[in-house]
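Visitor: Here you go, structure-v7.txt (compact mmCIF, C-alpha atoms):
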# COMPACT_ATOMS: atom_id res chain seq x y z
CA ASP A 1 0.00 0.00 0.00
CA THR A 2 1.87 3.05 -1.26
CA GLY A 3 -0.99 5.43 -0.59
CA VAL A 4 -2.71 7.88 -2.90
CA SER A 5 -0.24 9.83 -5.01
CA GLN A 6 -0.89 13.24 -6.56
CA ASP A 7 1.19 15.16 -9.04
CA PRO A 8 2.29 17.92 -9.08
CA ARG A 9 2.36 19.02 -5.44
CA HIS A 10 2.31 22.68 -6.40
CA LYS A 11 1.28 24.50 -9.57
CA ILE A 12 1.48 28.22 -10.25
CA THR A 13 -0.18 29.39 -13.41
CA LYS A 14 -1.34 32.59 -15.01
CA ARG A 15 -5.02 33.37 -15.38
CA GLY A 16 -6.42 31.93 -18.58
CA GLN A 17 -4.00 29.00 -18.81
CA ASN A 18 -5.06 25.35 -18.70
CA VAL A 19 -3.77 23.02 -16.00
CA THR A 20 -3.98 19.26 -15.49
CA PHE A 21 -3.50 17.30 -12.28
CA ARG A 22 -2.96 13.60 -11.88
CA CYS A 23 -4.04 11.19 -9.15
CA ASP A 24 -2.89 7.60 -8.69
CA PRO A 25 -5.17 5.84 -6.20
CA ILE A 26 -4.35 2.85 -4.04
CA SER A 27 -4.14 0.00 -6.53
CA GLU A 28 -7.03 -2.17 -5.32
CA HIS A 29 -9.41 0.78 -4.83
CA ASN A 30 -12.23 0.99 -7.35
CA ARG A 31 -13.66 4.32 -6.16
CA LEU A 32 -11.96 7.64 -6.72
CA TYR A 33 -12.98 11.11 -5.58
CA TRP A 34 -11.85 14.67 -6.23
CA TYR A 35 -12.32 17.40 -3.62
CA ARG A 36 -11.31 21.05 -3.48
CA GLN A 37 -10.23 22.81 -0.28
CA THR A 38 -9.71 26.51 0.30
CA LEU A 39 -7.88 27.98 3.27
CA GLY A 40 -9.68 27.53 6.57
CA GLN A 41 -12.46 25.42 5.08
CA GLY A 42 -13.23 21.75 4.85
CA PRO A 43 -12.93 19.98 1.49
CA GLU A 44 -15.81 20.30 -0.97
CA PHE A 45 -16.84 17.40 -3.18
CA LEU A 46 -16.19 17.79 -6.91
CA THR A 47 -16.69 14.41 -8.56
CA TYR A 48 -16.70 10.65 -8.04
CA PHE A 49 -15.69 7.67 -10.19
CA GLN A 50 -16.51 4.02 -9.75
CA ASN A 51 -13.96 2.22 -11.90
CA GLU A 52 -13.89 4.25 -15.13
CA ALA A 53 -17.44 5.61 -14.86
CA GLN A 54 -17.96 9.16 -13.58
CA LEU A 55 -21.12 8.69 -11.52
CA GLU A 56 -21.52 11.97 -9.71
CA LYS A 57 -20.51 15.57 -10.31
CA SER A 58 -20.97 18.59 -8.09
CA ARG A 59 -22.51 21.79 -9.38
CA LEU A 60 -19.16 23.31 -8.35
CA LEU A 61 -17.68 21.56 -11.37
CA SER A 62 -18.29 24.16 -14.05
CA ASP A 63 -17.84 23.39 -17.73
CA ARG A 64 -14.22 24.55 -17.42
CA PHE A 65 -13.50 21.49 -15.31
CA SER A 66 -13.23 17.97 -16.65
CA ALA A 67 -12.16 14.77 -14.99
CA GLU A 68 -11.34 11.40 -16.47
CA ARG A 69 -10.38 7.99 -15.22
CA PRO A 70 -9.41 5.92 -18.23
CA LYS A 71 -9.25 2.18 -17.59
CA GLY A 72 -10.34 2.73 -14.02
CA SER A 73 -6.82 3.35 -12.73
CA PHE A 74 -5.30 6.85 -12.46
CA SER A 75 -7.41 9.97 -12.87
CA THR A 76 -6.79 13.44 -14.28
CA LEU A 77 -8.53 16.69 -13.44
CA GLU A 78 -8.20 19.46 -16.01
CA ILE A 79 -9.13 23.10 -15.50
CA GLN A 80 -9.41 25.19 -18.64
CA ARG A 81 -9.06 29.00 -18.75
CA THR A 82 -8.11 29.18 -15.08
CA GLU A 83 -9.46 32.00 -12.92
CA GLN A 84 -8.10 33.40 -9.66
CA GLY A 85 -11.06 31.83 -7.85
CA ASP A 86 -9.74 28.40 -8.85
CA SER A 87 -6.80 28.83 -6.46
CA ALA A 88 -7.17 26.04 -3.91
CA MET A 89 -5.83 22.66 -2.81
CA TYR A 90 -7.17 19.88 -5.03
CA LEU A 91 -7.41 16.61 -3.15
CA CYS A 92 -7.86 13.12 -4.52
CA ALA A 93 -9.13 10.22 -2.42
CA SER A 94 -9.83 6.56 -3.04
CA SER A 95 -11.66 3.70 -1.37
CA PHE A 96 -12.90 0.22 -2.08
CA GLY A 97 -16.63 -0.44 -2.32
CA ARG A 98 -18.75 -3.38 -3.42
CA GLY A 99 -21.65 -2.55 -5.70
CA TYR A 100 -22.96 0.98 -6.07
CA GLY A 101 -24.15 1.59 -2.54
CA PRO A 102 -22.85 4.14 -0.07
CA TYR A 103 -19.23 3.79 0.82
CA ASN A 104 -18.57 2.25 4.19
CA SER A 105 -14.82 2.03 4.15
CA PRO A 106 -12.56 4.94 5.07
CA LEU A 107 -11.42 7.34 2.41
CA HIS A 108 -7.68 7.55 1.81
CA PHE A 109 -6.53 10.99 0.71
CA GLY A 110 -3.46 12.08 -1.18
CA ASN A 111 -1.41 15.12 -0.14
CA GLY A 112 -3.10 17.27 -2.74
CA THR A 113 -2.06 19.65 -5.50
CA ARG A 114 -1.93 23.28 -4.46
CA LEU A 115 -2.95 25.52 -7.35
CA THR A 116 -2.16 29.23 -7.38
CA VAL A 117 -3.60 31.30 -10.21
CA THR A 118 -1.92 34.70 -10.61
CA LYS B 1 -29.26 20.84 2.49
CA GLN B 2 -26.85 19.18 4.92
CA GLU B 3 -24.60 21.48 6.89
CA VAL B 4 -21.80 20.42 9.22
CA THR B 5 -20.53 22.68 11.99
CA GLN B 6 -17.52 22.17 14.22
CA ILE B 7 -16.97 23.87 17.54
CA PRO B 8 -14.59 25.24 18.65
CA ALA B 9 -12.80 26.55 15.56
CA ALA B 10 -9.51 26.54 17.44
CA LEU B 11 -8.27 25.09 20.70
CA SER B 12 -4.99 25.40 22.59
CA VAL B 13 -4.32 23.09 25.52
CA PRO B 14 -1.36 21.99 27.65
CA GLU B 15 0.02 18.52 27.14
CA GLY B 16 -1.76 15.78 29.07
CA GLU B 17 -5.26 17.25 28.98
CA ASN B 18 -8.27 15.24 27.90
CA LEU B 19 -10.28 17.14 25.33
CA VAL B 20 -13.51 17.00 23.37
CA LEU B 21 -14.11 18.24 19.84
CA ASN B 22 -17.68 18.76 18.71
CA CYS B 23 -19.39 18.22 15.38
CA SER B 24 -23.05 18.85 14.55
CA PHE B 25 -25.02 18.19 11.39
CA THR B 26 -28.44 19.43 10.34
CA ASP B 27 -29.94 16.36 8.64
CA SER B 28 -29.93 13.14 10.66
CA ALA B 29 -30.41 10.94 7.55
CA ILE B 30 -26.78 9.91 7.29
CA TYR B 31 -25.07 6.66 6.35
CA ASN B 32 -21.95 7.28 8.39
CA LEU B 33 -19.74 9.93 9.94
CA GLN B 34 -15.99 10.08 9.66
CA TRP B 35 -13.32 11.97 11.61
CA PHE B 36 -10.11 13.03 9.87
CA ARG B 37 -6.87 14.65 10.87
CA GLN B 38 -5.06 17.13 8.60
CA ASP B 39 -1.52 18.37 9.14
CA PRO B 40 -0.53 21.71 7.57
CA GLY B 41 -0.13 21.48 3.79
CA LYS B 42 -1.02 17.79 3.76
CA GLY B 43 -3.95 15.59 2.86
CA LEU B 44 -6.42 14.07 5.29
CA THR B 45 -5.85 10.98 7.38
CA SER B 46 -8.89 8.94 8.38
CA LEU B 47 -9.12 8.47 12.15
CA LEU B 48 -12.48 6.85 12.83
CA LEU B 49 -15.59 5.94 10.83
CA ILE B 50 -18.90 5.42 12.62
CA GLN B 51 -21.75 3.73 10.78
CA SER B 52 -25.22 5.18 11.30
CA SER B 53 -26.20 2.10 13.36
CA GLN B 54 -23.24 2.51 15.74
CA ARG B 55 -22.93 4.71 18.80
CA GLU B 56 -19.15 4.95 19.07
CA GLN B 57 -15.78 3.84 17.78
CA THR B 58 -12.43 3.73 19.54
CA SER B 59 -8.87 3.73 18.32
CA GLY B 60 -6.08 4.07 20.84
CA ARG B 61 -6.49 7.39 22.69
CA LEU B 62 -9.33 8.44 20.39
CA ASN B 63 -13.01 7.81 20.96
CA ALA B 64 -15.76 9.09 18.68
CA SER B 65 -19.44 9.00 19.55
CA LEU B 66 -22.48 9.52 17.35
CA ASP B 67 -25.97 10.62 18.34
CA LYS B 68 -27.74 10.57 15.00
CA SER B 69 -31.13 11.71 16.27
CA SER B 70 -29.71 14.90 17.74
CA GLY B 71 -27.27 15.44 14.87
CA ARG B 72 -24.12 15.36 16.98
CA SER B 73 -20.78 13.66 17.19
CA THR B 74 -17.87 14.16 19.57
CA LEU B 75 -14.23 13.21 19.26
CA TYR B 76 -12.58 12.58 22.60
CA ILE B 77 -8.78 12.68 22.78
CA ALA B 78 -7.26 11.30 25.97
CA ALA B 79 -3.96 12.46 27.42
CA SER B 80 -3.18 14.88 24.59
CA GLN B 81 0.37 15.12 23.23
CA PRO B 82 2.15 17.78 21.13
CA GLY B 83 2.04 15.33 18.21
CA ASP B 84 -1.76 15.59 18.27
CA SER B 85 -1.50 19.19 17.05
CA ALA B 86 -3.37 19.34 13.75
CA THR B 87 -6.75 20.26 12.28
CA TYR B 88 -9.52 17.77 12.98
CA LEU B 89 -12.38 17.52 10.49
CA CYS B 90 -15.63 15.65 10.68
CA ALA B 91 -17.62 14.67 7.62
CA VAL B 92 -20.99 13.02 7.01
CA ASN B 93 -22.03 10.73 4.21
CA ASP B 94 -25.67 11.56 3.80
CA ALA B 95 -28.67 10.42 1.82
CA GLY B 96 -28.38 13.43 -0.50
CA GLY B 97 -25.45 11.88 -2.34
CA TYR B 98 -24.16 8.76 -0.77
CA ASN B 99 -20.80 8.78 -2.42
CA LYS B 100 -19.76 12.21 -1.28
CA LEU B 101 -18.74 13.55 2.10
CA ILE B 102 -19.89 16.88 3.51
CA PHE B 103 -17.21 18.36 5.72
CA GLY B 104 -17.14 20.81 8.56
CA ALA B 105 -14.54 23.57 8.58
CA GLY B 106 -12.48 21.79 11.23
CA THR B 107 -11.09 22.44 14.68
CA ARG B 108 -7.46 23.58 14.76
CA LEU B 109 -5.82 21.98 17.80
CA ALA B 110 -2.53 23.06 19.36
CA VAL B 111 -1.10 20.99 22.22
CA HIS B 112 1.81 22.73 23.90
CA PRO B 113 4.43 21.05 26.11
Output the file's structure as structure tokens, nothing else.

Guide:
Amino acid sequence: DTGVSQDPRHKITKRGQNVTFRCDPISEHNRLYWYRQTLGQGPEFLTYFQNEAQLEKSRLLSDRFSAERPKGSFSTLEIQRTEQGDSAMYLCASSFGRGYGPYNSPLHFGNGTRLTVT
Amino acid sequence: KQEVTQIPAALSVPEGENLVLNCSFTDSAIYNLQWFRQDPGKGLTSLLLIQSSQREQTSGRLNASLDKSSGRSTLYIAASQPGDSATYLCAVNDAGGYNKLIFGAGTRLAVHP
């Protein structure tokens, strides 16, 4: 168990640029989640994958955001035409769950990608 | 809409004290509640997960209780140590979207020697 890995750890970009983050979940985990956290707040849910299927998306995920999980392994989160309000920590988490019911095993989080938009 | 509140927002205690962190949620229709720890600039580490049918869970010096009907959970830390200094977050998995967690803003704990 090497844990959830996220890359890069930090990203500084200019407003209007596109950025892409990668998440490698724990290998046997079939569920993968993206959250966003701003300073002093708890994480907010963005999207959820079960295997390669994106099953749930938050209204926070505007059309500038897209997430993929090809082959049900690693995932990428892309933000197009970044805005200063996108500056946050982007956290990936994974878990194992049978079927499509509510998760009942703990979420394992990566250390996040901190995005700064200037 | 589910809302999760944590009190206090910050806490500073001397080493050795027993302490209680509080979490409340507005909608009691939850599947489970989870407590996390977050160190500065890092991700979250799961501490305890309580199913909706359970009343409490224990791990080492940590004990978490759940009173679903009143919308409350407490995290009890016994004999606090400087290494316990971190932000503690609670999150509920509710019927509104059972594969997402709704987090509180956390309690920032400082344990000084």

Visitor: Can you tell me which residues surround Ile30 in chain B at a distance of at most 12 Å, considering only C-alpha atoms, apart from same-chain residues fewer than 6 positions away, and format the answer as an MDAnalysis selection string?

Guide: (chainID A and resid 102:104) or (chainID B and resid 2:4 50:54 66:72 91:102)

Visitor: Using C-alpha atoms, can you export the residues from the last selection as an mmCIF file, keeping the file's coordinate frame?

Guide:
data_model
loop_
_atom_site.group_PDB
_atom_site.id
_atom_site.type_symbol
_atom_site.label_atom_id
_atom_site.label_comp_id
_atom_site.auth_asym_id
_atom_site.auth_seq_id
_atom_site.Cartn_x
_atom_site.Cartn_y
_atom_site.Cartn_z
ATOM 1 C CA PRO A 102 -22.850 4.140 -0.070
ATOM 2 C CA TYR A 103 -19.230 3.790 0.820
ATOM 3 C CA ASN A 104 -18.570 2.250 4.190
ATOM 4 C CA GLN B 2 -26.850 19.180 4.920
ATOM 5 C CA GLU B 3 -24.600 21.480 6.890
ATOM 6 C CA VAL B 4 -21.800 20.420 9.220
ATOM 7 C CA ILE B 50 -18.900 5.420 12.620
ATOM 8 C CA GLN B 51 -21.750 3.730 10.780
ATOM 9 C CA SER B 52 -25.220 5.180 11.300
ATOM 10 C CA SER B 53 -26.200 2.100 13.360
ATOM 11 C CA GLN B 54 -23.240 2.510 15.740
ATOM 12 C CA LEU B 66 -22.480 9.520 17.350
ATOM 13 C CA ASP B 67 -25.970 10.620 18.340
ATOM 14 C CA LYS B 68 -27.740 10.570 15.000
ATOM 15 C CA SER B 69 -31.130 11.710 16.270
ATOM 16 C CA SER B 70 -29.710 14.900 17.740
ATOM 17 C CA GLY B 71 -27.270 15.440 14.870
ATOM 18 C CA ARG B 72 -24.120 15.360 16.980
ATOM 19 C CA ALA B 91 -17.620 14.670 7.620
ATOM 20 C CA VAL B 92 -20.990 13.020 7.010
ATOM 21 C CA ASN B 93 -22.030 10.730 4.210
ATOM 22 C CA ASP B 94 -25.670 11.560 3.800
ATOM 23 C CA ALA B 95 -28.670 10.420 1.820
ATOM 24 C CA GLY B 96 -28.380 13.430 -0.500
ATOM 25 C CA GLY B 97 -25.450 11.880 -2.340
ATOM 26 C CA TYR B 98 -24.160 8.760 -0.770
ATOM 27 C CA ASN B 99 -20.800 8.780 -2.420
ATOM 28 C CA LYS B 100 -19.760 12.210 -1.280
ATOM 29 C CA LEU B 101 -18.740 13.550 2.100
ATOM 30 C CA ILE B 102 -19.890 16.880 3.510
#

Visitor: Please measure the separation of CA of Cys23 in chain A and CA of Gly42 in chain A, giving the value in Å to one decimal.

Guide: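 Computed distance, CA of Cys23 in chain A to CA of Gly42 in chain A, equals 19.8 Å.
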
Visitor: For chain A, which residues have at least one atom within 10 Å of chain B, if we go by all atoms listed in the file? Write them as an MDAnalysis selection string, please.

Guide: chainID A and resid 4 9 31:35 37 39:50 55:58 89:93 100:114

Visitor: Have a look at CA of Asp84 in chain B and CA of Ser12 in chain B and let me know their distance in Å, one decimal.

Guide: 11.2 Å

Visitor: Excluding Arg22 in chain A and residues on its chain fewer than 2 positions from it, collect all residues at most 10 Å away from it, counting all atoms listed in the file, and give them as a PyMOL selection string.

Guide: chain A and resi 5-9+20+24-25+67-69+74-78+92+112-113

Visitor: Please report the interatomic distance between CA of Pro82 in chain B and CA of Pro40 in chain B in Å with one decimal.

Guide: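 Between CA of Pro82 in chain B and CA of Pro40 in chain B the gap works out to 14.4 Å.
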
Visitor: Grab all the atoms of range 16-22 of chain B that the file lists, wrap them in a box along x, y and z, add 8 Å per side, and give me centre plus edge lengths in Å (one decimal) as lines of an AutoDock Vina configuration file.

Guide:
center_x = -9.7
center_y = 17.0
center_z = 23.9
size_x = 31.9
size_y = 19.5
size_z = 26.4

Visitor: List every protein, DNA or RNA residue that has an atom no more than 7 Å from (-1.4, 22.9, 24.8) in the file's coordinate frame, counting all atoms listed in the file, and report them as a list in words.

Guide: Ser12, Val13, Pro14, Glu15, Ala110, Val111, His112 and Pro113 of chain B

Visitor: Of the candidates B:Arg37, B:Thr5, B:Gly60, B:Ser65, which shows the shortest atom-to-atom distance to Ser85 in chain B, using only C-alpha atoms?

Guide: B:Arg37

Visitor: Taking all heavy atoms as the atom set, what does range 4-15 of chain B look like once completed, written as a PDB file, in the frame of the given file?

Guide:
ATOM      1  N   VAL B   4     -22.604  20.980   8.136  1.00  0.00           N
ATOM      2  CA  VAL B   4     -21.800  20.420   9.220  1.00  0.00           C
ATOM      3  C   VAL B   4     -21.041  21.554   9.893  1.00  0.00           C
ATOM      4  O   VAL B   4     -20.373  22.350   9.214  1.00  0.00           O
ATOM      5  CB  VAL B   4     -20.823  19.355   8.684  1.00  0.00           C
ATOM      6  CG1 VAL B   4     -19.984  18.776   9.815  1.00  0.00           C
ATOM      7  CG2 VAL B   4     -21.584  18.238   7.965  1.00  0.00           C
ATOM      8  N   THR B   5     -21.153  21.609  11.212  1.00  0.00           N
ATOM      9  CA  THR B   5     -20.530  22.680  11.990  1.00  0.00           C
ATOM     10  C   THR B   5     -19.617  22.071  13.034  1.00  0.00           C
ATOM     11  O   THR B   5     -19.996  21.087  13.693  1.00  0.00           O
ATOM     12  CB  THR B   5     -21.601  23.539  12.681  1.00  0.00           C
ATOM     13  OG1 THR B   5     -22.508  24.046  11.705  1.00  0.00           O
ATOM     14  CG2 THR B   5     -20.964  24.714  13.421  1.00  0.00           C
ATOM     15  N   GLN B   6     -18.442  22.660  13.201  1.00  0.00           N
ATOM     16  CA  GLN B   6     -17.520  22.170  14.220  1.00  0.00           C
ATOM     17  C   GLN B   6     -17.186  23.286  15.198  1.00  0.00           C
ATOM     18  O   GLN B   6     -16.864  24.403  14.795  1.00  0.00           O
ATOM     19  CB  GLN B   6     -16.238  21.644  13.574  1.00  0.00           C
ATOM     20  CG  GLN B   6     -16.477  20.371  12.774  1.00  0.00           C
ATOM     21  CD  GLN B   6     -15.197  19.744  12.294  1.00  0.00           C
ATOM     22  OE1 GLN B   6     -14.927  19.703  11.098  1.00  0.00           O
ATOM     23  NE2 GLN B   6     -14.393  19.250  13.227  1.00  0.00           N
ATOM     24  N   ILE B   7     -17.254  22.930  16.460  1.00  0.00           N
ATOM     25  CA  ILE B   7     -16.970  23.870  17.540  1.00  0.00           C
ATOM     26  C   ILE B   7     -16.042  23.194  18.545  1.00  0.00           C
ATOM     27  O   ILE B   7     -16.259  22.015  18.868  1.00  0.00           O
ATOM     28  CB  ILE B   7     -18.269  24.304  18.254  1.00  0.00           C
ATOM     29  CG1 ILE B   7     -19.145  25.116  17.297  1.00  0.00           C
ATOM     30  CG2 ILE B   7     -17.974  25.112  19.509  1.00  0.00           C
ATOM     31  CD1 ILE B   7     -20.516  25.423  17.870  1.00  0.00           C
ATOM     32  N   PRO B   8     -14.958  23.886  19.040  1.00  0.00           N
ATOM     33  CA  PRO B   8     -14.590  25.240  18.650  1.00  0.00           C
ATOM     34  C   PRO B   8     -13.818  25.259  17.337  1.00  0.00           C
ATOM     35  O   PRO B   8     -13.392  24.215  16.859  1.00  0.00           O
ATOM     36  CB  PRO B   8     -13.690  25.677  19.808  1.00  0.00           C
ATOM     37  CG  PRO B   8     -13.037  24.406  20.250  1.00  0.00           C
ATOM     38  CD  PRO B   8     -14.068  23.324  20.065  1.00  0.00           C
ATOM     39  N   ALA B   9     -13.591  26.434  16.788  1.00  0.00           N
ATOM     40  CA  ALA B   9     -12.800  26.550  15.560  1.00  0.00           C
ATOM     41  C   ALA B   9     -11.325  26.335  15.849  1.00  0.00           C
ATOM     42  O   ALA B   9     -10.580  25.842  15.005  1.00  0.00           O
ATOM     43  CB  ALA B   9     -13.024  27.915  14.909  1.00  0.00           C
ATOM     44  N   ALA B  10     -10.904  26.706  17.048  1.00  0.00           N
ATOM     45  CA  ALA B  10      -9.510  26.540  17.440  1.00  0.00           C
ATOM     46  C   ALA B  10      -9.447  26.261  18.927  1.00  0.00           C
ATOM     47  O   ALA B  10     -10.305  26.699  19.696  1.00  0.00           O
ATOM     48  CB  ALA B  10      -8.683  27.779  17.093  1.00  0.00           C
ATOM     49  N   LEU B  11      -8.416  25.508  19.317  1.00  0.00           N
ATOM     50  CA  LEU B  11      -8.270  25.090  20.700  1.00  0.00           C
ATOM     51  C   LEU B  11      -6.792  24.962  21.018  1.00  0.00           C
ATOM     52  O   LEU B  11      -6.039  24.379  20.237  1.00  0.00           O
ATOM     53  CB  LEU B  11      -8.966  23.733  20.873  1.00  0.00           C
ATOM     54  CG  LEU B  11      -9.138  23.117  22.238  1.00  0.00           C
ATOM     55  CD1 LEU B  11      -9.954  24.026  23.140  1.00  0.00           C
ATOM     56  CD2 LEU B  11      -9.831  21.770  22.113  1.00  0.00           C
ATOM     57  N   SER B  12      -6.378  25.519  22.172  1.00  0.00           N
ATOM     58  CA  SER B  12      -4.990  25.400  22.590  1.00  0.00           C
ATOM     59  C   SER B  12      -4.986  24.857  24.003  1.00  0.00           C
ATOM     60  O   SER B  12      -5.636  25.433  24.897  1.00  0.00           O
ATOM     61  CB  SER B  12      -4.300  26.774  22.540  1.00  0.00           C
ATOM     62  OG  SER B  12      -2.954  26.663  22.961  1.00  0.00           O
ATOM     63  N   VAL B  13      -4.296  23.743  24.223  1.00  0.00           N
ATOM     64  CA  VAL B  13      -4.320  23.090  25.520  1.00  0.00           C
ATOM     65  C   VAL B  13      -2.917  22.672  25.915  1.00  0.00           C
ATOM     66  O   VAL B  13      -2.050  22.445  25.053  1.00  0.00           O
ATOM     67  CB  VAL B  13      -5.240  21.843  25.515  1.00  0.00           C
ATOM     68  CG1 VAL B  13      -6.674  22.232  25.180  1.00  0.00           C
ATOM     69  CG2 VAL B  13      -4.723  20.780  24.580  1.00  0.00           C
ATOM     70  N   PRO B  14      -2.657  22.529  27.216  1.00  0.00           N
ATOM     71  CA  PRO B  14      -1.360  21.990  27.650  1.00  0.00           C
ATOM     72  C   PRO B  14      -1.346  20.481  27.474  1.00  0.00           C
ATOM     73  O   PRO B  14      -2.385  19.811  27.522  1.00  0.00           O
ATOM     74  CB  PRO B  14      -1.286  22.384  29.120  1.00  0.00           C
ATOM     75  CG  PRO B  14      -2.691  22.528  29.543  1.00  0.00           C
ATOM     76  CD  PRO B  14      -3.479  22.965  28.351  1.00  0.00           C
ATOM     77  N   GLU B  15      -0.167  19.965  27.294  1.00  0.00           N
ATOM     78  CA  GLU B  15       0.020  18.520  27.140  1.00  0.00           C
ATOM     79  C   GLU B  15      -0.601  17.764  28.304  1.00  0.00           C
ATOM     80  O   GLU B  15      -0.515  18.204  29.458  1.00  0.00           O
ATOM     81  CB  GLU B  15       1.518  18.232  27.051  1.00  0.00           C
ATOM     82  CG  GLU B  15       1.895  16.785  26.850  1.00  0.00           C
ATOM     83  CD  GLU B  15       3.394  16.612  26.709  1.00  0.00           C
ATOM     84  OE1 GLU B  15       4.125  17.621  26.886  1.00  0.00           O
ATOM     85  OE2 GLU B  15       3.830  15.493  26.404  1.00  0.00           O
TER      86      GLU B  15
END
